[in-house]
file model_5.cif (mmCIF, C-alpha atoms)
data_coords
#
loop_
_atom_site.label_atom_id
_atom_site.label_comp_id
_atom_site.auth_asym_id
_atom_site.auth_seq_id
_atom_site.Cartn_x
_atom_site.Cartn_y
_atom_site.Cartn_z
CA MET A 1 0.00 0.00 0.00
CA LYS A 2 2.84 2.41 0.88
CA ARG A 3 4.57 1.65 -2.42
CA LEU A 4 1.37 2.39 -4.35
CA LEU A 5 0.94 5.70 -2.51
CA LEU A 6 4.58 6.75 -3.27
CA ALA A 7 4.19 5.95 -6.97
CA THR A 8 1.02 8.00 -7.13
CA VAL A 9 2.72 11.03 -5.51
CA LEU A 10 5.68 10.87 -7.92
CA SER A 11 3.34 10.69 -10.91
CA LEU A 12 1.50 13.78 -9.70
CA LEU A 13 4.80 15.63 -9.26
CA VAL A 14 5.85 14.85 -12.86
CA LEU A 15 2.48 15.98 -14.18
CA ALA A 16 2.73 19.19 -12.19
CA ALA A 17 6.23 20.08 -13.49
CA PRO A 18 6.27 23.04 -15.94
CA ALA A 19 6.65 22.17 -19.60
CA GLY A 20 9.72 24.42 -19.98
CA ALA A 21 11.61 22.39 -17.43
CA GLN A 22 11.88 19.55 -19.94
CA LEU A 23 13.98 21.68 -22.42
CA THR A 24 17.42 20.78 -21.19
CA HIS A 25 18.70 18.91 -24.23
CA VAL A 26 18.42 19.44 -27.98
CA ARG A 27 15.75 17.31 -29.57
CA ALA A 28 16.96 14.38 -31.69
CA GLY A 29 17.59 15.18 -35.35
CA VAL A 30 18.29 18.92 -34.90
CA SER A 31 21.48 20.34 -36.41
CA ALA A 32 23.03 23.75 -37.13
CA GLY A 33 25.28 24.46 -40.10
CA GLY A 34 25.61 20.73 -40.74
CA VAL A 35 26.64 19.94 -37.15
CA ASP A 36 24.33 17.39 -35.44
CA LEU A 37 23.39 18.63 -31.96
CA SER A 38 20.99 15.82 -31.04
CA GLY A 39 20.70 15.13 -27.31
CA LEU A 40 23.23 17.79 -26.25
CA ASP A 41 22.68 20.41 -23.61
CA VAL A 42 23.59 24.01 -24.39
CA PRO A 43 27.20 23.95 -23.09
CA ALA A 44 27.93 20.72 -24.96
CA ALA A 45 26.28 21.97 -28.13
CA THR A 46 28.24 25.23 -27.89
CA ALA A 47 31.51 23.34 -27.53
CA LYS A 48 30.70 21.11 -30.49
CA LEU A 49 29.89 24.11 -32.68
CA ASP A 50 33.16 25.78 -31.66
CA ALA A 51 35.06 22.62 -32.54
CA GLU A 52 33.37 21.69 -35.81
CA LEU A 53 31.62 24.70 -37.36
CA ALA A 54 33.85 27.62 -36.34
CA PRO A 55 36.95 26.25 -38.16
CA ARG A 56 34.94 25.86 -41.39
CA LEU A 57 33.76 29.44 -41.21
CA ALA A 58 37.29 30.75 -40.65
CA GLY A 59 38.47 29.87 -44.16
CA ASP A 60 39.19 32.63 -46.69
CA LEU A 61 36.66 33.52 -49.38
CA LEU A 62 37.90 33.68 -52.97
CA ILE A 63 36.12 35.59 -55.71
CA GLY A 64 37.27 35.44 -59.31
CA VAL A 65 37.06 38.72 -61.20
CA ALA A 66 38.74 39.58 -64.52
CA GLY A 67 40.59 36.27 -64.56
CA ARG A 68 42.20 36.83 -61.17
CA PRO A 69 41.44 35.45 -57.68
CA TRP A 70 40.79 38.02 -54.95
CA THR A 71 40.97 36.88 -51.33
CA LEU A 72 38.80 38.14 -48.50
CA LYS A 73 40.13 37.06 -45.10
CA MET A 74 37.55 36.46 -42.42
CA ALA A 75 39.51 38.62 -39.98
CA ASP A 76 39.04 41.51 -42.39
CA ALA A 77 35.37 40.64 -42.86
CA LYS A 78 34.99 40.50 -39.04
CA LEU A 79 33.05 37.26 -39.31
CA LYS A 80 31.88 35.85 -35.96
CA LEU A 81 29.98 32.72 -34.95
CA ASP A 82 27.92 33.00 -31.76
CA SER A 83 27.98 29.32 -30.81
CA ASP A 84 26.05 29.78 -27.57
CA ARG A 85 23.20 31.59 -29.30
CA THR A 86 23.17 28.97 -32.04
CA ALA A 87 22.98 26.18 -29.44
CA LYS A 88 19.99 27.86 -27.82
CA ARG A 89 18.28 28.15 -31.19
CA ALA A 90 18.69 24.40 -31.57
CA LEU A 91 17.37 23.78 -28.05
CA TYR A 92 14.19 25.78 -28.63
CA ALA A 93 13.61 24.71 -32.23
CA LYS A 94 10.01 23.89 -33.10
CA ALA A 95 8.96 20.29 -33.45
CA ASP A 96 8.94 20.41 -37.26
CA VAL A 97 12.39 22.06 -37.54
CA THR A 98 15.50 19.98 -38.08
CA GLN A 99 17.92 22.67 -39.27
CA VAL A 100 18.51 25.96 -37.44
CA ALA A 101 20.46 28.87 -38.86
CA PRO A 102 23.79 29.51 -37.15
CA ALA A 103 24.10 32.93 -35.50
CA ILE A 104 26.71 34.39 -37.87
CA THR A 105 27.57 38.09 -38.27
CA HIS A 106 30.07 39.93 -40.45
CA SER A 107 30.87 43.50 -41.43
CA ARG A 108 28.97 44.44 -44.56
CA ALA A 109 30.94 47.68 -44.69
CA ALA A 110 34.18 45.65 -44.88
CA VAL A 111 32.75 43.61 -47.75
CA ARG A 112 31.78 46.76 -49.62
CA THR A 113 35.28 48.20 -49.15
CA PHE A 114 36.79 44.94 -50.41
CA VAL A 115 34.58 44.88 -53.52
CA GLU A 116 35.10 48.56 -54.29
CA GLY A 117 38.86 48.00 -54.12
CA ILE A 118 38.56 45.25 -56.74
CA ALA A 119 36.33 47.43 -58.90
CA LYS A 120 38.93 50.19 -59.01
CA LYS A 121 41.64 47.78 -60.13
CA VAL A 122 39.71 45.93 -62.82
CA GLY A 123 37.53 48.74 -64.17
CA LYS A 124 38.36 50.34 -67.48
CA PRO A 125 36.52 53.41 -68.79
CA ALA A 126 34.93 53.37 -72.20
CA ARG A 127 36.67 55.45 -74.85
CA ASP A 128 34.55 57.70 -76.99
CA ALA A 129 34.99 57.67 -80.72
CA ARG A 130 37.08 60.65 -81.75
CA ILE A 131 38.57 62.31 -84.74
CA LYS A 132 42.09 63.19 -85.75
CA ILE A 133 42.17 66.43 -87.68
CA THR A 134 44.89 67.15 -90.20
CA LEU A 135 44.98 69.97 -92.73
CA ARG A 136 43.57 67.90 -95.56
CA HIS A 137 41.88 64.95 -93.87
CA ILE A 138 39.76 64.04 -90.87
CA PHE A 139 40.28 60.52 -89.59
CA ARG A 140 37.84 58.63 -87.38
CA GLU A 141 38.95 56.60 -84.40
CA ARG A 142 36.30 54.15 -83.26
CA SER A 143 34.94 53.96 -79.74
CA ARG A 144 36.04 51.25 -77.35
CA TYR A 145 33.95 49.45 -74.78
CA GLY A 146 34.93 49.83 -71.16
CA ARG A 147 34.28 47.38 -68.36
CA LYS A 148 33.22 47.55 -64.76
CA LEU A 149 32.45 45.35 -61.81
CA ASP A 150 28.86 45.48 -60.58
CA VAL A 151 29.72 46.39 -57.00
CA ASP A 152 26.23 45.78 -55.61
CA ALA A 153 25.89 42.36 -57.23
CA ALA A 154 29.34 41.24 -56.04
CA ARG A 155 28.71 42.56 -52.55
CA LYS A 156 25.37 40.75 -52.26
CA ALA A 157 26.93 37.49 -53.47
CA ILE A 158 29.70 37.70 -50.85
CA ASP A 159 27.31 38.68 -48.06
CA ALA A 160 25.10 35.69 -48.89
CA ALA A 161 28.09 33.31 -48.94
CA LEU A 162 29.30 34.52 -45.54
CA ASP A 163 25.83 34.25 -44.01
CA ASP A 164 25.38 30.64 -45.17
CA PRO A 165 27.91 28.09 -43.87
CA ALA A 166 26.82 25.64 -46.55
CA ALA A 167 27.55 28.11 -49.38
CA PRO A 168 30.78 27.70 -51.36
CA ARG A 169 33.61 30.05 -50.48
CA VAL A 170 34.76 30.27 -54.10
CA LEU A 171 32.73 32.71 -56.22
CA HIS A 172 32.95 34.25 -59.67
CA GLN A 173 31.63 37.64 -60.68
CA PRO A 174 31.65 38.63 -64.39
CA LEU A 175 32.43 42.13 -65.54
CA THR A 176 29.85 44.16 -67.39
CA ARG A 177 30.56 46.11 -70.57
CA VAL A 178 30.33 49.88 -70.55
CA ARG A 179 29.29 51.57 -73.78
CA ALA A 180 30.97 54.76 -74.95
CA LYS A 181 28.86 57.90 -75.03
CA VAL A 182 30.03 58.76 -78.54
CA ASN A 183 30.44 56.09 -81.22
CA ALA A 184 31.73 56.37 -84.78
CA ASP A 185 28.27 57.04 -86.15
CA ASP A 186 27.89 60.01 -83.82
CA LEU A 187 31.07 61.77 -84.94
CA ALA A 188 29.54 63.42 -88.00
CA ARG A 189 26.96 64.99 -85.70
CA VAL A 190 29.33 65.90 -82.86
CA TYR A 191 31.91 67.31 -85.29
CA ASN A 192 29.46 68.60 -87.84
CA THR A 193 31.75 71.52 -88.72
CA VAL A 194 35.55 71.68 -88.66
CA ILE A 195 37.94 74.36 -89.93
CA THR A 196 41.61 73.95 -90.72
CA VAL A 197 44.03 76.77 -91.53
CA ASP A 198 47.11 76.00 -93.58
CA ARG A 199 49.43 78.96 -92.95
CA ALA A 200 52.10 77.73 -95.34
CA HIS A 201 49.68 77.67 -98.28
CA PHE A 202 47.31 80.42 -97.09
CA LYS A 203 44.28 78.13 -97.19
CA LEU A 204 41.30 77.82 -94.91
CA ARG A 205 39.40 74.57 -95.42
CA LEU A 206 35.84 73.91 -94.31
CA TYR A 207 34.61 70.39 -93.45
CA LYS A 208 31.01 69.41 -92.91
CA ALA A 209 29.98 66.01 -91.48
CA LEU A 210 33.68 65.06 -91.63
CA LYS A 211 33.84 65.69 -95.37
CA PHE A 212 35.66 68.44 -97.21
CA ARG A 213 33.27 71.12 -98.47
CA LYS A 214 35.17 74.23 -99.50
CA SER A 215 38.49 76.08 -99.31
CA TYR A 216 39.16 79.82 -99.10
CA GLY A 217 42.26 81.91 -99.63
CA VAL A 218 43.45 83.76 -96.53
CA ALA A 219 46.16 86.02 -95.21
CA VAL A 220 47.94 85.11 -91.97
CA GLY A 221 50.18 86.83 -89.45
CA GLN A 222 53.41 88.57 -90.28
CA PRO A 223 56.64 86.97 -89.05
CA ALA A 224 56.72 89.52 -86.23
CA TYR A 225 53.10 88.80 -85.32
CA PRO A 226 52.55 85.15 -86.25
CA THR A 227 49.16 83.50 -86.25
CA PRO A 228 49.14 81.05 -83.33
CA THR A 229 49.19 77.34 -84.08
CA GLY A 230 47.33 74.54 -82.40
CA ARG A 231 43.81 73.30 -81.78
CA PHE A 232 41.26 76.01 -80.99
CA ALA A 233 37.52 76.60 -81.36
CA ILE A 234 35.30 79.40 -82.56
CA SER A 235 34.48 81.25 -79.33
CA SER A 236 32.35 84.14 -80.62
CA LYS A 237 30.71 85.55 -83.74
CA GLN A 238 29.86 89.14 -84.66
CA VAL A 239 28.41 90.96 -87.64
CA ASN A 240 30.22 94.24 -88.42
CA PRO A 241 32.35 93.84 -85.31
CA VAL A 242 33.61 96.64 -83.12
CA TRP A 243 37.40 96.82 -83.12
CA SER A 244 38.96 97.15 -79.69
CA VAL A 245 42.37 98.39 -80.75
CA PRO A 246 45.25 96.62 -78.95
CA ASN A 247 47.66 98.62 -76.82
CA SER A 248 50.47 97.95 -79.25
CA PRO A 249 52.84 100.33 -81.06
CA TRP A 250 51.77 98.96 -84.45
CA ALA A 251 48.28 100.44 -83.88
CA GLY A 252 49.73 103.96 -83.88
CA GLU A 253 47.44 106.69 -82.60
CA LEU A 254 44.48 104.29 -82.48
CA GLN A 255 45.98 102.04 -79.83
CA GLY A 256 43.76 101.53 -76.81
CA THR A 257 40.70 103.00 -78.54
CA THR A 258 37.49 101.50 -79.93
CA VAL A 259 36.45 101.74 -83.55
CA GLU A 260 32.80 101.20 -84.43
CA GLY A 261 31.78 98.36 -86.71
CA GLY A 262 31.37 99.33 -90.33
CA SER A 263 33.70 102.32 -89.98
CA ALA A 264 36.24 102.88 -92.74
CA ALA A 265 38.91 102.96 -90.05
CA ASN A 266 37.89 99.50 -88.82
CA PRO A 267 40.04 96.76 -90.44
CA LEU A 268 37.64 94.03 -89.26
CA LYS A 269 35.29 94.01 -92.21
CA ALA A 270 31.83 92.45 -92.34
CA ARG A 271 32.23 89.48 -89.99
CA TRP A 272 34.26 88.29 -87.01
CA MET A 273 34.81 84.76 -85.70
CA GLY A 274 36.90 84.85 -82.55
CA ILE A 275 39.42 82.10 -81.84
CA ALA A 276 41.67 82.96 -78.89
CA ASN A 277 43.60 85.83 -77.29
CA GLY A 278 42.21 88.49 -79.60
CA VAL A 279 42.94 86.45 -82.73
CA GLY A 280 40.09 85.66 -85.07
CA ILE A 281 38.88 85.26 -88.64
CA HIS A 282 37.57 88.43 -90.30
CA GLY A 283 37.03 90.13 -93.58
CA THR A 284 39.54 92.64 -94.92
CA GLY A 285 39.41 95.65 -97.19
CA GLU A 286 42.96 94.86 -98.34
CA ASP A 287 42.15 92.11 -100.84
CA TYR A 288 45.68 92.24 -102.21
CA SER A 289 46.98 90.90 -98.87
CA ILE A 290 45.23 87.53 -99.30
CA GLY A 291 47.85 84.86 -99.91
CA THR A 292 50.52 86.67 -97.87
CA ARG A 293 51.75 87.09 -94.33
CA ALA A 294 50.21 90.47 -93.71
CA SER A 295 48.12 90.55 -90.52
CA HIS A 296 48.95 91.05 -86.87
CA GLY A 297 48.00 87.47 -86.07
CA CYS A 298 44.44 87.28 -87.38
CA ILE A 299 43.23 85.31 -90.37
CA ARG A 300 42.00 87.63 -93.11
CA MET A 301 39.49 86.69 -95.79
CA HIS A 302 37.82 88.39 -98.73
CA VAL A 303 34.61 90.01 -97.53
CA ALA A 304 32.40 87.79 -99.71
CA ASP A 305 34.23 84.72 -98.44
CA VAL A 306 33.97 85.62 -94.76
CA ILE A 307 30.24 86.28 -95.13
CA ASP A 308 29.84 82.88 -96.80
CA LEU A 309 31.89 81.12 -94.11
CA PHE A 310 30.17 82.95 -91.23
CA LYS A 311 26.77 81.39 -91.90
CA ARG A 312 28.27 77.90 -92.11
CA VAL A 313 30.22 77.97 -88.85
CA PRO A 314 28.59 77.75 -85.39
CA VAL A 315 30.23 78.78 -82.12
CA GLY A 316 32.26 75.87 -80.79
CA THR A 317 33.54 74.76 -84.19
CA PRO A 318 37.00 73.16 -83.85
CA VAL A 319 39.80 75.07 -85.60
CA LEU A 320 43.17 73.50 -86.38
CA ILE A 321 45.93 75.94 -87.32
CA THR A 322 49.31 74.67 -88.47
#
call {"tool": "encode", "arguments": {"input": "model_5.cif", "output": "structure tokens"}}
result
Amino acid sequence: MKRLLLATVLSLLVLAAPAGAQLTHVRAGVSAGGVDLSGLDVPAATAKLDAELAPRLAGDLLIGVAGRPWTLKMADAKLKLDSDRTAKRALYAKADVTQVAPAITHSRAAVRTFVEGIAKKVGKPARDARIKITLRHIFRERSRYGRKLDVDAARKAIDAALDDPAAPRVLHQPLTRVRAKVNADDLARVYNTVITVDRAHFKLRLYKALKFRKSYGVAVGQPAYPTPTGRFAISSKQVNPVWSVPNSPWAGELQGTTVEGGSAANPLKARWMGIANGVGIHGTGEDYSIGTRASHGCIRMHVADVIDLFKRVPVGTPVLIT
């Protein structure tokens, strides 16, 4: 009778125990990151995770970009496994759960810095199509594709690999092509008008859509006041321009003064197309000077010719003088 009474009391005590008190060991069949934690209490599960999972997570990550391997060390990524927290996840896993996610953290800022460093080394800007201007020809140079690393895509792939202990630590990220802003077909539009000035032969040549259109006779600077050479552009245009006389001895009593456009005393006849540093293309009343070195640096044209050229040439037109 006493034995029956004792058994009854013990049964009542078990039934009265709180359900939570039974959660002292991980349920059978539960694992984390591929490590079986069945039947272990939290300290034992923590130790097993430290021994088996932590070493696997410590390995370097390799990502192949542009035919080269790039290594991200876990110390740099600040990757950490919280084994104790992972063990507790396994302990309190729901009845239908057999795999729990390890409590892994890493620095996403470090990953971004790593990827951006790769991007700087492998990136190559696109090259716009361009032209080479000579006195008699305009040559086209085709555009060239550039390349770049998609930083966001590479970063997300690395973050995902570090968050998942089952993911491979060897990745590959392709480069993307970058198109040029100007291709060969655009050149005729971008360089719709080009002027070249051949000082040796006193010729100004006009090109439209990269094709020769017309040539004009000109006068250029005297040996003492040579027309500058190089690559310039039309910076301004004026009809019957005002002449701001330079402060130079060659200007005589007019130096430093202003002569109204259309005045007989104004040597800038009909039209003005400014180039640089007070030098420009203009009409002249001294038609006999065309074909000689006669000006003080400017490019002189017959009045009819400068009027014809003026309407064909917009501001910004490239000018090559040799």
call {"tool": "atom_distance", "arguments": {"input": "model_5.cif", "atom1": "CA of Gly274 in chain A", "atom2": "CA of Glu141 in chain A"}}
result
28.4 Å
call {"tool": "closest_residue", "arguments": {"input": "model_5.cif", "among": "A:Ile281, A:Val115, A:Ala45, A:Ala126", "to": "Lys181 in chain A", "atoms": "all atoms listed in the file"}}
result
A:Ala126
call {"tool": "atom_distance", "arguments": {"input": "model_5.cif", "atom1": "CA of Ala188 in chain A", "atom2": "CA of Val306 in chain A"}}
result
23.6 Å
call {"tool": "residues_around", "arguments": {"input": "model_5.cif", "residues": "Phe202 in chain A", "least_positions_apart": "5", "cutoff": "9 Å", "atoms": "all atoms listed in the file", "output": "PyMOL selection string"}}
result
chain A and resi 197+216-220+290-293
call {"tool": "residues_around", "arguments": {"input": "model_5.cif", "residues": "Lys94 in chain A", "least_positions_apart": "2", "cutoff": "12 Å", "atoms": "all atoms listed in the file", "output": "JSON, numbers by chain"}}
result
{"A": [23, 26, 27, 28, 29, 30, 88, 89, 90, 91, 92, 96, 97, 98, 99, 100]}
call {"tool": "closest_residue", "arguments": {"input": "model_5.cif", "among": "A:Thr134, A:Thr46, A:Thr86, A:Ser263", "to": "Ile195 in chain A", "atoms": "only C-alpha atoms"}}
result
A:Thr134
call {"tool": "resolve_selection", "arguments": {"input": "model_5.cif", "expression": "the PyMOL selection byres ((chain A and resi 189) around 12)", "output": "list in words"}}
result
Ala129, Arg130, Ile131, Val182, Asn183, Ala184, Asp185, Asp186, Leu187, Ala188, Val190, Tyr191, Asn192, Thr193, Val194, Lys208, Ala209, Leu210, Lys211 and Thr317 of chain A
call {"tool": "residues_near_point", "arguments": {"input": "model_5.cif", "point": "(35.4, 24.5, -51.1)", "cutoff": "12 Å", "atoms": "all atoms listed in the file", "output": "short mmCIF file (atom, residue, chain, number, x, y, z; two decimals) with C-alpha atoms, keeping the file's coordinate frame"}}
result
data_model
loop_
_atom_site.label_atom_id
_atom_site.label_comp_id
_atom_site.auth_asym_id
_atom_site.auth_seq_id
_atom_site.Cartn_x
_atom_site.Cartn_y
_atom_site.Cartn_z
CA ARG A 56 34.94 25.86 -41.39
CA LEU A 57 33.76 29.44 -41.21
CA GLY A 59 38.47 29.87 -44.16
CA ASP A 60 39.19 32.63 -46.69
CA LEU A 61 36.66 33.52 -49.38
CA LEU A 62 37.90 33.68 -52.97
CA ALA A 161 28.09 33.31 -48.94
CA PRO A 165 27.91 28.09 -43.87
CA ALA A 166 26.82 25.64 -46.55
CA ALA A 167 27.55 28.11 -49.38
CA PRO A 168 30.78 27.70 -51.36
CA ARG A 169 33.61 30.05 -50.48
CA VAL A 170 34.76 30.27 -54.10
CA LEU A 171 32.73 32.71 -56.22
#
call {"tool": "residues_near_point", "arguments": {"input": "model_5.cif", "point": "(22.1, 19.3, -26.0)", "cutoff": "8 Å", "atoms": "only C-alpha atoms", "output": "compact mmCIF listing (two decimals) with C-alpha atoms, in the frame of the given file"}}
result
# COMPACT_ATOMS: atom_id res chain seq x y z
CA THR A 24 17.42 20.78 -21.19
CA HIS A 25 18.70 18.91 -24.23
CA VAL A 26 18.42 19.44 -27.98
CA ARG A 27 15.75 17.31 -29.57
CA LEU A 37 23.39 18.63 -31.96
CA SER A 38 20.99 15.82 -31.04
CA GLY A 39 20.70 15.13 -27.31
CA LEU A 40 23.23 17.79 -26.25
CA ASP A 41 22.68 20.41 -23.61
CA VAL A 42 23.59 24.01 -24.39
CA PRO A 43 27.20 23.95 -23.09
CA ALA A 44 27.93 20.72 -24.96
CA ALA A 45 26.28 21.97 -28.13
CA ALA A 87 22.98 26.18 -29.44
CA LEU A 91 17.37 23.78 -28.05
call {"tool": "resolve_selection", "arguments": {"input": "model_5.cif", "expression": "the PyMOL selection byres ((chain A and resi 109) around 12)", "output": "PyMOL selection string"}}
result
chain A and resi 76-79+106-108+110-116+155-156+158-159
call {"tool": "atom_distance", "arguments": {"input": "model_5.cif", "atom1": "CA of Gln222 in chain A", "atom2": "CA of Met301 in chain A"}}
result
15.1 Å
call {"tool": "closest_residue", "arguments": {"input": "model_5.cif", "among": "A:Leu81, A:Asn240, A:Thr229, A:Lys132", "to": "Leu162 in chain A", "atoms": "only C-alpha atoms"}}
result
A:Leu81
call {"tool": "decode", "arguments": {"input": "model_5.cif", "residues": "range 183-209 of chain A", "atoms": "N, CA and C atoms", "output": "PDB file, in the first residue's frame"}}
result
ATOM      1  N   ASN A 183      29.884  57.119 -80.341  1.00  0.00           N
ATOM      2  CA  ASN A 183      30.438  56.089 -81.217  1.00  0.00           C
ATOM      3  C   ASN A 183      30.743  56.689 -82.587  1.00  0.00           C
ATOM      4  N   ALA A 184      31.273  55.867 -83.473  1.00  0.00           N
ATOM      5  CA  ALA A 184      31.727  56.372 -84.775  1.00  0.00           C
ATOM      6  C   ALA A 184      30.599  57.013 -85.570  1.00  0.00           C
ATOM      7  N   ASP A 185      29.398  56.479 -85.404  1.00  0.00           N
ATOM      8  CA  ASP A 185      28.265  57.042 -86.148  1.00  0.00           C
ATOM      9  C   ASP A 185      27.852  58.419 -85.636  1.00  0.00           C
ATOM     10  N   ASP A 186      28.250  58.717 -84.396  1.00  0.00           N
ATOM     11  CA  ASP A 186      27.890  60.014 -83.822  1.00  0.00           C
ATOM     12  C   ASP A 186      28.854  61.129 -84.228  1.00  0.00           C
ATOM     13  N   LEU A 187      30.021  60.765 -84.714  1.00  0.00           N
ATOM     14  CA  LEU A 187      31.066  61.766 -84.941  1.00  0.00           C
ATOM     15  C   LEU A 187      30.649  62.843 -85.934  1.00  0.00           C
ATOM     16  N   ALA A 188      29.956  62.433 -86.990  1.00  0.00           N
ATOM     17  CA  ALA A 188      29.545  63.415 -87.998  1.00  0.00           C
ATOM     18  C   ALA A 188      28.607  64.453 -87.398  1.00  0.00           C
ATOM     19  N   ARG A 189      27.855  64.035 -86.371  1.00  0.00           N
ATOM     20  CA  ARG A 189      26.962  64.993 -85.702  1.00  0.00           C
ATOM     21  C   ARG A 189      27.724  65.838 -84.688  1.00  0.00           C
ATOM     22  N   VAL A 190      28.571  65.182 -83.893  1.00  0.00           N
ATOM     23  CA  VAL A 190      29.327  65.904 -82.863  1.00  0.00           C
ATOM     24  C   VAL A 190      30.304  66.890 -83.492  1.00  0.00           C
ATOM     25  N   TYR A 191      30.964  66.448 -84.570  1.00  0.00           N
ATOM     26  CA  TYR A 191      31.911  67.307 -85.287  1.00  0.00           C
ATOM     27  C   TYR A 191      31.318  67.679 -86.637  1.00  0.00           C
ATOM     28  N   ASN A 192      30.141  68.267 -86.593  1.00  0.00           N
ATOM     29  CA  ASN A 192      29.456  68.599 -87.837  1.00  0.00           C
ATOM     30  C   ASN A 192      30.239  69.594 -88.676  1.00  0.00           C
ATOM     31  N   THR A 193      30.971  70.503 -88.001  1.00  0.00           N
ATOM     32  CA  THR A 193      31.747  71.520 -88.718  1.00  0.00           C
ATOM     33  C   THR A 193      33.159  71.551 -88.157  1.00  0.00           C
ATOM     34  N   VAL A 194      34.134  71.579 -89.041  1.00  0.00           N
ATOM     35  CA  VAL A 194      35.547  71.675 -88.660  1.00  0.00           C
ATOM     36  C   VAL A 194      36.232  72.629 -89.625  1.00  0.00           C
ATOM     37  N   ILE A 195      37.144  73.447 -89.107  1.00  0.00           N
ATOM     38  CA  ILE A 195      37.944  74.362 -89.931  1.00  0.00           C
ATOM     39  C   ILE A 195      39.411  74.030 -89.734  1.00  0.00           C
ATOM     40  N   THR A 196      40.159  74.031 -90.828  1.00  0.00           N
ATOM     41  CA  THR A 196      41.615  73.952 -90.719  1.00  0.00           C
ATOM     42  C   THR A 196      42.216  75.150 -91.447  1.00  0.00           C
ATOM     43  N   VAL A 197      43.326  75.632 -90.925  1.00  0.00           N
ATOM     44  CA  VAL A 197      44.027  76.774 -91.532  1.00  0.00           C
ATOM     45  C   VAL A 197      45.453  76.353 -91.828  1.00  0.00           C
ATOM     46  N   ASP A 198      45.778  76.383 -93.090  1.00  0.00           N
ATOM     47  CA  ASP A 198      47.107  76.004 -93.577  1.00  0.00           C
ATOM     48  C   ASP A 198      47.886  77.300 -93.814  1.00  0.00           C
ATOM     49  N   ARG A 199      48.707  77.685 -92.832  1.00  0.00           N
ATOM     50  CA  ARG A 199      49.426  78.960 -92.946  1.00  0.00           C
ATOM     51  C   ARG A 199      50.425  78.950 -94.095  1.00  0.00           C
ATOM     52  N   ALA A 200      51.067  77.797 -94.311  1.00  0.00           N
ATOM     53  CA  ALA A 200      52.101  77.733 -95.345  1.00  0.00           C
ATOM     54  C   ALA A 200      51.537  77.965 -96.733  1.00  0.00           C
ATOM     55  N   HIS A 201      50.280  77.538 -96.946  1.00  0.00           N
ATOM     56  CA  HIS A 201      49.682  77.668 -98.278  1.00  0.00           C
ATOM     57  C   HIS A 201      48.521  78.656 -98.298  1.00  0.00           C
ATOM     58  N   PHE A 202      48.327  79.362 -97.177  1.00  0.00           N
ATOM     59  CA  PHE A 202      47.310  80.425 -97.093  1.00  0.00           C
ATOM     60  C   PHE A 202      45.923  79.907 -97.490  1.00  0.00           C
ATOM     61  N   LYS A 203      45.559  78.747 -96.881  1.00  0.00           N
ATOM     62  CA  LYS A 203      44.280  78.129 -97.192  1.00  0.00           C
ATOM     63  C   LYS A 203      43.488  77.870 -95.908  1.00  0.00           C
ATOM     64  N   LEU A 204      42.231  78.209 -95.956  1.00  0.00           N
ATOM     65  CA  LEU A 204      41.296  77.817 -94.906  1.00  0.00           C
ATOM     66  C   LEU A 204      40.351  76.791 -95.519  1.00  0.00           C
ATOM     67  N   ARG A 205      40.241  75.627 -94.882  1.00  0.00           N
ATOM     68  CA  ARG A 205      39.400  74.566 -95.417  1.00  0.00           C
ATOM     69  C   ARG A 205      38.223  74.324 -94.473  1.00  0.00           C
ATOM     70  N   LEU A 206      37.058  74.157 -95.050  1.00  0.00           N
ATOM     71  CA  LEU A 206      35.840  73.909 -94.306  1.00  0.00           C
ATOM     72  C   LEU A 206      35.397  72.465 -94.515  1.00  0.00           C
ATOM     73  N   TYR A 207      35.112  71.763 -93.400  1.00  0.00           N
ATOM     74  CA  TYR A 207      34.613  70.389 -93.455  1.00  0.00           C
ATOM     75  C   TYR A 207      33.228  70.351 -92.811  1.00  0.00           C
ATOM     76  N   LYS A 208      32.341  69.621 -93.446  1.00  0.00           N
ATOM     77  CA  LYS A 208      31.010  69.407 -92.909  1.00  0.00           C
ATOM     78  C   LYS A 208      30.745  67.904 -92.841  1.00  0.00           C
ATOM     79  N   ALA A 209      30.241  67.441 -91.681  1.00  0.00           N
ATOM     80  CA  ALA A 209      29.977  66.012 -91.482  1.00  0.00           C
ATOM     81  C   ALA A 209      31.215  65.180 -91.816  1.00  0.00           C
TER      82      ALA A 209
END
